[in-house]
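Q: First, the structure itself, so that you have it in front of you.
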Amino acid sequence: MQTIDFKRLQLRNGDRILDVGCGEGRHTIGAYLSAEVEAIGIDLSENDLQTAQERFDDFEEKDNPRKSVQFQRANALKLPFDDNSFDKVVCSEVLEHIPDYKGVLQEIDRVLKPNGLLAVSVPRAWPEEICWRLSRPYRQVEGGHIRIFNATQLRHDVEDIGWRRYARHWAHALHSPFWWLKCWNWGNDDAWLVKQYHRFLVWDLMQQPWITRTLEKLLDPIMGKSVVMYFQREPAHKIAADVDKESPAHG
């Protein structure tokens, strides 16, 4: 299940892409499958990185040296990469877990090339708020969500460091009811409704029938579980103009 749309991210052959907080590798592997890229996924969880590597083994094209995947343990607040070293960066469903999320954005800004592109996704505010209201443990588990993002504020946070949003969409509307059910029955994964809805989501993911794909596309703007935003760096002349506007007058 991918949240980021690689077409909107303009993924191209030859790109070097970083997946910050890659988890079990869905976007790192997805990028590898979408184009001839060098995809690097970083995360703090050794278990997730091991799972990601095991999953990638099923997709690796060993006879194609023009594409590669690498997983490594790293802290998003101190990325072990040179300045201006990536064409694209993905940060999907990560920032809601991190106290100093602005520090992560600064690190991403550092490693992205001047003409690079950034894709960020976080849980949408109102579906997430329902989860918080239904279950206190949902947000108290280790590594859980520590904030509900206002998407407009997050957009401003990214734009404040010199980026401009060029696209936005919502994703996973059919997953919102599942999480509401799961939170309502927190601690009881054997609850009948939770199990049945999970089976439905697995079936939908594997089969991708046109009726559910169409339904989710229609529902995403209304109740999508995630909001996804895409950014490119502001032109230098635009940043300079903004600085001049904010500077005190001289004379």
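Chain identifiers are assigned as A, B, and so on, following the order in which chains appear in the structure tokens; residues are numbered from 1 within each chain, and ligands are numbered from 1 in order of appearance.
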Taking only C-alpha atoms into account, produce a table as CSV in which each residue of segment 85-147 of chain A with an atom at most 10 Å from an atom of segment 160-175 of chain A appears once, together with its shortest atom pair and the distance in Å to one decimal, ordered by chain and rising number.

A:
```
residue,atom,partner,partner_atom,distance
A:Lys102,CA,A:Ile161,CA,9.5
A:Leu105,CA,A:Ile161,CA,8.3
A:Gln106,CA,A:Ile161,CA,7.4
A:Asp109,CA,A:Ile161,CA,7.6
A:Leu117,CA,A:Trp163,CA,9.2
A:Leu118,CA,A:Trp163,CA,9.0
A:Ala119,CA,A:Ala167,CA,9.4
A:Val120,CA,A:Arg168,CA,9.7
A:Ser121,CA,A:Trp170,CA,8.9
A:Val122,CA,A:Trp170,CA,9.9
A:Pro123,CA,A:Ala171,CA,9.5
A:Arg124,CA,A:Trp170,CA,8.2
A:Pro127,CA,A:Ala173,CA,9.5
```

Q: Could you give me the residues within segment 14-217 of chain A that DSSP places in strand (DSSP E), as number ranges by chain?

A: A: 16-20, 38-43, 68-73, 86-92, 112-123, 163-171

Q: Export N, CA and C atoms of the chosen residues as a compact mmCIF listing (two decimals), in the first residue's frame?

A:
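Resulting contents of selection.txt:
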```txt
# COMPACT_ATOMS: atom_id res chain seq x y z
N ARG A 16 18.18 9.67 -7.50
CA ARG A 16 18.58 9.13 -6.20
C ARG A 16 17.52 9.58 -5.20
N ILE A 17 16.84 8.62 -4.58
CA ILE A 17 15.69 8.93 -3.74
C ILE A 17 15.90 8.42 -2.32
N LEU A 18 15.53 9.23 -1.35
CA LEU A 18 15.64 8.87 0.06
C LEU A 18 14.26 8.75 0.65
N ASP A 19 14.03 7.63 1.35
CA ASP A 19 12.77 7.38 2.06
C ASP A 19 13.05 7.51 3.55
N VAL A 20 12.65 8.64 4.13
CA VAL A 20 12.93 8.94 5.54
C VAL A 20 11.87 8.28 6.41
N GLU A 38 18.28 4.83 -7.64
CA GLU A 38 18.98 4.39 -6.44
C GLU A 38 18.11 4.81 -5.26
N ALA A 39 17.48 3.84 -4.61
CA ALA A 39 16.55 4.12 -3.53
C ALA A 39 17.17 3.72 -2.19
N ILE A 40 17.17 4.65 -1.24
CA ILE A 40 17.73 4.39 0.08
C ILE A 40 16.64 4.63 1.12
N GLY A 41 16.41 3.63 1.96
CA GLY A 41 15.44 3.75 3.04
C GLY A 41 16.14 3.77 4.38
N ILE A 42 15.79 4.75 5.22
CA ILE A 42 16.39 4.81 6.56
C ILE A 42 15.30 4.74 7.62
N ASP A 43 15.64 4.12 8.74
CA ASP A 43 14.71 4.00 9.85
C ASP A 43 15.51 3.69 11.11
N SER A 68 18.87 0.18 -7.73
CA SER A 68 19.32 -0.47 -6.50
C SER A 68 18.48 0.00 -5.32
N VAL A 69 18.53 -0.80 -4.25
CA VAL A 69 17.88 -0.46 -2.99
C VAL A 69 18.87 -0.72 -1.87
N GLN A 70 18.87 0.18 -0.91
CA GLN A 70 19.69 0.02 0.28
C GLN A 70 18.88 0.45 1.50
N PHE A 71 18.93 -0.37 2.55
CA PHE A 71 18.27 -0.02 3.81
C PHE A 71 19.35 0.15 4.88
N GLN A 72 19.22 1.19 5.70
CA GLN A 72 20.19 1.39 6.77
C GLN A 72 19.55 2.09 7.96
N ARG A 73 20.12 1.83 9.11
CA ARG A 73 19.61 2.43 10.35
C ARG A 73 20.20 3.83 10.47
N PHE A 86 20.39 14.20 -2.89
CA PHE A 86 19.23 13.44 -3.35
C PHE A 86 18.36 14.26 -4.29
N ASP A 87 17.81 13.56 -5.29
CA ASP A 87 16.88 14.21 -6.22
C ASP A 87 15.47 14.28 -5.67
N LYS A 88 15.08 13.27 -4.92
CA LYS A 88 13.73 13.19 -4.36
C LYS A 88 13.83 12.66 -2.93
N VAL A 89 12.95 13.16 -2.06
CA VAL A 89 12.84 12.64 -0.70
C VAL A 89 11.38 12.37 -0.40
N VAL A 90 11.13 11.22 0.22
CA VAL A 90 9.80 10.83 0.69
C VAL A 90 9.83 10.78 2.22
N CYS A 91 8.82 11.39 2.84
CA CYS A 91 8.68 11.32 4.30
C CYS A 91 7.20 11.05 4.57
N SER A 92 6.84 9.78 4.64
CA SER A 92 5.43 9.39 4.68
C SER A 92 5.05 8.78 6.03
N LEU A 112 18.53 17.51 0.15
CA LEU A 112 17.90 17.61 -1.17
C LEU A 112 18.67 18.55 -2.08
N LYS A 113 18.77 18.18 -3.34
CA LYS A 113 19.39 19.04 -4.33
C LYS A 113 18.54 20.30 -4.55
N PRO A 114 19.15 21.37 -5.04
CA PRO A 114 18.39 22.61 -5.25
C PRO A 114 17.16 22.44 -6.14
N ASN A 115 17.22 21.50 -7.08
CA ASN A 115 16.07 21.26 -7.95
C ASN A 115 15.31 20.00 -7.54
N GLY A 116 15.53 19.54 -6.31
CA GLY A 116 14.89 18.31 -5.85
C GLY A 116 13.43 18.52 -5.48
N LEU A 117 12.74 17.40 -5.28
CA LEU A 117 11.32 17.42 -4.92
C LEU A 117 11.11 16.62 -3.64
N LEU A 118 10.12 17.03 -2.86
CA LEU A 118 9.82 16.42 -1.56
C LEU A 118 8.36 16.03 -1.50
N ALA A 119 8.09 14.81 -1.02
CA ALA A 119 6.72 14.35 -0.77
C ALA A 119 6.56 14.05 0.72
N VAL A 120 5.55 14.67 1.34
CA VAL A 120 5.29 14.49 2.77
C VAL A 120 3.84 14.06 2.95
N SER A 121 3.63 13.05 3.80
CA SER A 121 2.25 12.70 4.16
C SER A 121 2.17 12.52 5.67
N VAL A 122 1.01 12.92 6.21
CA VAL A 122 0.70 12.75 7.64
C VAL A 122 -0.77 12.36 7.74
N PRO A 123 -1.18 11.80 8.89
CA PRO A 123 -2.60 11.50 9.07
C PRO A 123 -3.43 12.78 9.00
N TRP A 163 10.42 26.19 0.56
CA TRP A 163 9.78 25.30 -0.40
C TRP A 163 8.39 25.82 -0.76
N ARG A 164 7.87 25.32 -1.88
CA ARG A 164 6.53 25.70 -2.32
C ARG A 164 5.74 24.44 -2.68
N ARG A 165 4.53 24.33 -2.15
CA ARG A 165 3.70 23.18 -2.47
C ARG A 165 3.19 23.30 -3.91
N TYR A 166 3.34 22.22 -4.68
CA TYR A 166 2.85 22.24 -6.06
C TYR A 166 1.74 21.23 -6.31
N ALA A 167 1.49 20.35 -5.34
CA ALA A 167 0.41 19.37 -5.51
C ALA A 167 -0.03 18.87 -4.14
N ARG A 168 -1.28 18.40 -4.08
CA ARG A 168 -1.82 17.84 -2.84
C ARG A 168 -2.93 16.86 -3.19
N HIS A 169 -3.04 15.81 -2.40
CA HIS A 169 -4.19 14.92 -2.52
C HIS A 169 -4.37 14.19 -1.20
N TRP A 170 -5.43 13.42 -1.11
CA TRP A 170 -5.71 12.63 0.08
C TRP A 170 -5.70 11.16 -0.29
N ALA A 171 -5.51 10.28 0.69
CA ALA A 171 -5.35 8.85 0.38
C ALA A 171 -5.98 7.98 1.45
```

Q: Would you pick out the contacts of Gln196 of chain A at 12 Å or less, using only C-alpha atoms, so that residues sharing its chain but fewer than 4 positions from it are not included, and give the list as a ChimeraX atom specification?

A: /A:177-178,181-182,189-192,200-203

Q: Using Å and a single decimal, report how far atom CA of Ser176 of chain A sits from atom CA of Arg26 of chain A.

A: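 So the two atoms, atom CA of Arg26 of chain A and atom CA of Ser176 of chain A, lie 19.3 Å apart.
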
Q: Mind checking which residues fall within 9 Å of Ala35 of chain A, counting only C-alpha atoms, ignoring those fewer than 6 positions away in the same chain, and posting them as a PyMOL selection string?

A: chain A and resi 11-15+67

Q: Assign secondary structure with DSSP using the backbone only, and return the residues of segment 78-248 of chain A in helix (DSSP H, G or I) as a tab-separated table (two decimals) with N, CA and C atoms, in the first residue's frame.

A:
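Wrote it out as selection.tsv, contents follow:
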```tsv
chain	number	residue	atom	x	y	z
A	95	LEU	N	6.34	12.19	10.50
A	95	LEU	CA	6.48	13.41	11.31
A	95	LEU	C	5.57	13.42	12.53
A	96	GLU	N	4.44	12.71	12.47
A	96	GLU	CA	3.52	12.67	13.61
A	96	GLU	C	4.10	11.88	14.79
A	97	HIS	N	5.21	11.17	14.55
A	97	HIS	CA	5.85	10.38	15.61
A	97	HIS	C	7.01	11.13	16.29
A	101	TYR	N	9.88	17.62	14.78
A	101	TYR	CA	9.64	17.35	13.36
A	101	TYR	C	10.22	18.46	12.47
A	102	LYS	N	10.32	19.68	12.99
A	102	LYS	CA	10.92	20.75	12.19
A	102	LYS	C	12.41	20.49	11.97
A	103	GLY	N	13.05	19.83	12.94
A	103	GLY	CA	14.45	19.45	12.76
A	103	GLY	C	14.60	18.44	11.63
A	104	VAL	N	13.63	17.53	11.49
A	104	VAL	CA	13.65	16.56	10.39
A	104	VAL	C	13.51	17.28	9.06
A	105	LEU	N	12.60	18.26	9.00
A	105	LEU	CA	12.41	19.02	7.76
A	105	LEU	C	13.68	19.77	7.38
A	106	GLN	N	14.39	20.30	8.38
A	106	GLN	CA	15.65	21.00	8.10
A	106	GLN	C	16.69	20.04	7.53
A	107	GLU	N	16.76	18.83	8.07
A	107	GLU	CA	17.71	17.84	7.55
A	107	GLU	C	17.34	17.42	6.12
A	108	ILE	N	16.06	17.26	5.87
A	108	ILE	CA	15.63	16.93	4.50
A	108	ILE	C	16.02	18.05	3.55
A	109	ASP	N	15.80	19.28	3.98
A	109	ASP	CA	16.17	20.44	3.16
A	109	ASP	C	17.66	20.42	2.85
A	110	ARG	N	18.47	20.00	3.81
A	110	ARG	CA	19.93	19.97	3.63
A	110	ARG	C	20.35	18.95	2.57
A	111	VAL	N	19.75	17.77	2.59
A	111	VAL	CA	20.23	16.69	1.70
A	111	VAL	C	19.60	16.74	0.31
A	125	ALA	N	-6.32	15.41	9.84
A	125	ALA	CA	-6.67	15.83	11.20
A	125	ALA	C	-7.97	15.22	11.71
A	126	TRP	N	-9.07	15.33	10.96
A	126	TRP	CA	-10.34	14.92	11.58
A	126	TRP	C	-10.50	13.40	11.70
A	127	PRO	N	-10.05	12.59	10.74
A	127	PRO	CA	-10.09	11.14	11.00
A	127	PRO	C	-9.19	10.73	12.16
A	128	GLU	N	-8.04	11.41	12.27
A	128	GLU	CA	-7.11	11.11	13.36
A	128	GLU	C	-7.71	11.51	14.71
A	129	GLU	N	-8.41	12.62	14.75
A	129	GLU	CA	-9.01	13.06	16.01
A	129	GLU	C	-10.05	12.05	16.50
A	130	ILE	N	-10.79	11.43	15.59
A	130	ILE	CA	-11.75	10.39	15.99
A	130	ILE	C	-11.01	9.22	16.63
A	131	CYS	N	-9.89	8.83	16.05
A	131	CYS	CA	-9.09	7.74	16.64
A	131	CYS	C	-8.65	8.11	18.05
A	132	TRP	N	-8.20	9.34	18.24
A	132	TRP	CA	-7.75	9.77	19.57
A	132	TRP	C	-8.89	9.75	20.57
A	133	ARG	N	-10.07	10.13	20.13
A	133	ARG	CA	-11.23	10.17	21.03
A	133	ARG	C	-11.72	8.78	21.39
A	134	LEU	N	-11.60	7.85	20.44
A	134	LEU	CA	-12.09	6.49	20.67
A	134	LEU	C	-11.15	5.66	21.53
A	137	PRO	N	-5.14	4.47	24.43
A	137	PRO	CA	-3.93	3.68	24.15
A	137	PRO	C	-3.43	3.82	22.72
A	138	TYR	N	-4.31	4.15	21.77
A	138	TYR	CA	-3.91	4.32	20.37
A	138	TYR	C	-2.75	5.30	20.25
A	139	ARG	N	-2.77	6.37	21.05
A	139	ARG	CA	-1.72	7.37	20.96
A	139	ARG	C	-0.70	7.26	22.08
A	151	ALA	N	-2.93	20.39	8.46
A	151	ALA	CA	-2.21	20.31	7.20
A	151	ALA	C	-1.75	21.68	6.72
A	152	THR	N	-2.56	22.71	6.96
A	152	THR	CA	-2.18	24.05	6.54
A	152	THR	C	-0.94	24.52	7.30
A	153	GLN	N	-0.89	24.25	8.60
A	153	GLN	CA	0.27	24.63	9.39
A	153	GLN	C	1.51	23.87	8.94
A	154	LEU	N	1.36	22.58	8.65
A	154	LEU	CA	2.50	21.80	8.18
A	154	LEU	C	3.00	22.36	6.85
A	155	ARG	N	2.07	22.70	5.98
A	155	ARG	CA	2.47	23.31	4.71
A	155	ARG	C	3.29	24.56	4.95
A	156	HIS	N	2.85	25.42	5.86
A	156	HIS	CA	3.59	26.65	6.17
A	156	HIS	C	4.96	26.32	6.76
A	157	ASP	N	5.03	25.27	7.59
A	157	ASP	CA	6.32	24.89	8.18
A	157	ASP	C	7.33	24.52	7.10
A	158	VAL	N	6.86	23.79	6.08
A	158	VAL	CA	7.76	23.41	4.98
A	158	VAL	C	8.09	24.62	4.12
A	159	GLU	N	7.10	25.45	3.85
A	159	GLU	CA	7.33	26.62	3.00
A	159	GLU	C	8.24	27.64	3.69
A	175	HIS	N	-9.54	3.13	4.57
A	175	HIS	CA	-8.83	2.71	5.78
A	175	HIS	C	-9.30	3.47	7.02
A	176	SER	N	-9.92	4.62	6.83
A	176	SER	CA	-10.38	5.39	8.00
A	176	SER	C	-11.36	4.61	8.86
A	177	PRO	N	-12.41	4.01	8.29
A	177	PRO	CA	-13.33	3.23	9.13
A	177	PRO	C	-12.66	2.06	9.84
A	178	PHE	N	-11.66	1.45	9.19
A	178	PHE	CA	-10.96	0.35	9.85
A	178	PHE	C	-10.30	0.83	11.14
A	179	TRP	N	-9.61	1.98	11.08
A	179	TRP	CA	-8.93	2.48	12.27
A	179	TRP	C	-9.92	2.94	13.33
A	180	TRP	N	-11.07	3.44	12.92
A	180	TRP	CA	-12.09	3.79	13.91
A	180	TRP	C	-12.58	2.53	14.63
A	181	LEU	N	-12.82	1.48	13.86
A	181	LEU	CA	-13.25	0.22	14.46
A	181	LEU	C	-12.16	-0.35	15.36
A	182	LYS	N	-10.93	-0.28	14.90
A	182	LYS	CA	-9.81	-0.82	15.68
A	182	LYS	C	-9.66	-0.06	17.00
A	183	CYS	N	-9.80	1.26	16.93
A	183	CYS	CA	-9.68	2.06	18.16
A	183	CYS	C	-10.86	1.81	19.10
A	184	TRP	N	-12.02	1.64	18.56
A	184	TRP	CA	-13.22	1.36	19.36
A	184	TRP	C	-13.07	0.02	20.08
A	192	TRP	N	-15.11	-9.18	15.76
A	192	TRP	CA	-15.61	-9.64	14.46
A	192	TRP	C	-15.54	-8.56	13.40
A	193	LEU	N	-16.00	-7.35	13.72
A	193	LEU	CA	-16.00	-6.27	12.73
A	193	LEU	C	-14.59	-5.90	12.30
A	194	VAL	N	-13.66	-5.88	13.25
A	194	VAL	CA	-12.28	-5.55	12.93
A	194	VAL	C	-11.68	-6.59	11.99
A	195	LYS	N	-11.90	-7.85	12.29
A	195	LYS	CA	-11.35	-8.92	11.45
A	195	LYS	C	-11.95	-8.91	10.06
A	196	GLN	N	-13.27	-8.70	9.99
A	196	GLN	CA	-13.92	-8.70	8.68
A	196	GLN	C	-13.47	-7.52	7.83
A	197	TYR	N	-13.34	-6.37	8.46
A	197	TYR	CA	-12.91	-5.19	7.69
A	197	TYR	C	-11.47	-5.36	7.24
A	198	HIS	N	-10.63	-5.96	8.10
A	198	HIS	CA	-9.25	-6.20	7.71
A	198	HIS	C	-9.18	-7.15	6.52
A	199	ARG	N	-10.01	-8.18	6.52
A	199	ARG	CA	-10.04	-9.10	5.37
A	199	ARG	C	-10.44	-8.36	4.10
A	200	PHE	N	-11.40	-7.45	4.24
A	200	PHE	CA	-11.84	-6.66	3.09
A	200	PHE	C	-10.69	-5.81	2.54
A	201	LEU	N	-9.91	-5.17	3.43
A	201	LEU	CA	-8.81	-4.33	3.00
A	201	LEU	C	-7.72	-5.14	2.32
A	202	VAL	N	-7.42	-6.33	2.85
A	202	VAL	CA	-6.42	-7.19	2.23
A	202	VAL	C	-6.89	-7.63	0.84
A	203	TRP	N	-8.16	-8.01	0.75
A	203	TRP	CA	-8.72	-8.39	-0.55
A	203	TRP	C	-8.64	-7.23	-1.53
A	204	ASP	N	-8.98	-6.04	-1.08
A	204	ASP	CA	-8.94	-4.86	-1.95
A	204	ASP	C	-7.52	-4.57	-2.40
A	205	LEU	N	-6.55	-4.70	-1.49
A	205	LEU	CA	-5.16	-4.44	-1.83
A	205	LEU	C	-4.64	-5.43	-2.87
A	206	MET	N	-5.02	-6.70	-2.71
A	206	MET	CA	-4.51	-7.73	-3.61
A	206	MET	C	-5.22	-7.73	-4.96
A	207	GLN	N	-6.52	-7.51	-4.93
A	207	GLN	CA	-7.32	-7.63	-6.16
A	207	GLN	C	-7.51	-6.30	-6.89
A	210	TRP	N	-12.16	-2.55	-9.70
A	210	TRP	CA	-12.45	-1.18	-10.15
A	210	TRP	C	-13.47	-0.49	-9.25
A	211	ILE	N	-14.40	-1.26	-8.68
A	211	ILE	CA	-15.46	-0.63	-7.90
A	211	ILE	C	-14.92	-0.01	-6.61
A	212	THR	N	-14.02	-0.71	-5.91
A	212	THR	CA	-13.46	-0.12	-4.68
A	212	THR	C	-12.43	0.94	-5.01
A	213	ARG	N	-11.68	0.79	-6.11
A	213	ARG	CA	-10.72	1.83	-6.50
A	213	ARG	C	-11.46	3.12	-6.84
A	214	THR	N	-12.59	2.98	-7.54
A	214	THR	CA	-13.39	4.15	-7.88
A	214	THR	C	-14.01	4.77	-6.63
A	215	LEU	N	-14.53	3.91	-5.75
A	215	LEU	CA	-15.15	4.40	-4.52
A	215	LEU	C	-14.14	5.16	-3.67
A	216	GLU	N	-12.94	4.60	-3.52
A	216	GLU	CA	-11.94	5.27	-2.70
A	216	GLU	C	-11.52	6.60	-3.32
A	217	LYS	N	-11.40	6.63	-4.62
A	217	LYS	CA	-11.03	7.87	-5.29
A	217	LYS	C	-12.06	8.96	-5.04
A	218	LEU	N	-13.33	8.57	-5.02
A	218	LEU	CA	-14.39	9.54	-4.75
A	218	LEU	C	-14.41	9.98	-3.29
A	219	LEU	N	-14.08	9.04	-2.38
A	219	LEU	CA	-14.15	9.33	-0.95
A	219	LEU	C	-12.90	9.99	-0.39
A	220	ASP	N	-11.76	9.86	-1.08
A	220	ASP	CA	-10.51	10.39	-0.54
A	220	ASP	C	-10.59	11.88	-0.16
A	221	PRO	N	-11.17	12.74	-0.99
A	221	PRO	CA	-11.23	14.16	-0.59
A	221	PRO	C	-12.11	14.40	0.63
A	222	ILE	N	-13.01	13.45	0.92
A	222	ILE	CA	-13.94	13.63	2.04
A	222	ILE	C	-13.38	13.02	3.32
A	223	MET	N	-12.87	11.80	3.25
A	223	MET	CA	-12.47	11.09	4.46
A	223	MET	C	-11.16	10.32	4.30
A	236	ALA	N	15.25	31.19	-6.29
A	236	ALA	CA	16.08	32.08	-5.48
A	236	ALA	C	15.60	33.52	-5.54
A	237	HIS	N	15.14	33.96	-6.72
A	237	HIS	CA	14.70	35.36	-6.84
A	237	HIS	C	13.44	35.61	-6.01
A	238	LYS	N	12.59	34.55	-5.86
A	238	LYS	CA	11.38	34.69	-5.06
A	238	LYS	C	11.74	34.81	-3.57
A	239	ILE	N	12.69	34.00	-3.11
A	239	ILE	CA	13.11	34.05	-1.70
A	239	ILE	C	13.74	35.41	-1.40
A	240	ALA	N	14.57	35.91	-2.33
A	240	ALA	CA	15.21	37.20	-2.12
A	240	ALA	C	14.19	38.32	-2.03
A	241	ALA	N	13.15	38.23	-2.87
A	241	ALA	CA	12.11	39.25	-2.85
A	241	ALA	C	11.36	39.24	-1.53
A	242	ASP	N	11.09	38.03	-1.01
A	242	ASP	CA	10.38	37.92	0.27
A	242	ASP	C	11.23	38.48	1.41
A	243	VAL	N	12.55	38.23	1.36
A	243	VAL	CA	13.43	38.75	2.39
A	243	VAL	C	13.44	40.27	2.36
A	244	ASP	N	13.48	40.83	1.16
A	244	ASP	CA	13.48	42.29	1.02
A	244	ASP	C	12.21	42.91	1.60
A	245	LYS	N	11.07	42.22	1.41
A	245	LYS	CA	9.81	42.73	1.93
A	245	LYS	C	9.80	42.76	3.45
A	246	GLU	N	10.49	41.77	4.07
A	246	GLU	CA	10.48	41.67	5.52
A	246	GLU	C	11.56	42.52	6.18
```

Q: Could you tell me how far atom CA of Val37 of chain A sits from atom CA of Pro65 of chain A, in Å to one decimal place?

A: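 Between these atoms lies a distance of 9.9 Å.
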
Q: Rank nothing, just name the residue among A:Asp83, A:Glu93, A:Glu142, A:Asp58 nearest to Gly21 of chain A, using only C-alpha atoms.

A: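 Of all the options, A:Glu93 lies closest to Gly21 of chain A.
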
Q: Pick the closest to Gly25 of chain A from A:Val227, A:Leu49, A:Ile146, A:Ala76: which is it, counting only C-alpha atoms?

A: A:Leu49

Q: Of the candidates A:Ser34, A:Gln2, A:Ser45, A:Thr28, which shows the shortest atom-to-atom distance to Gly143 of chain A, using only C-alpha atoms?

A: A:Ser45
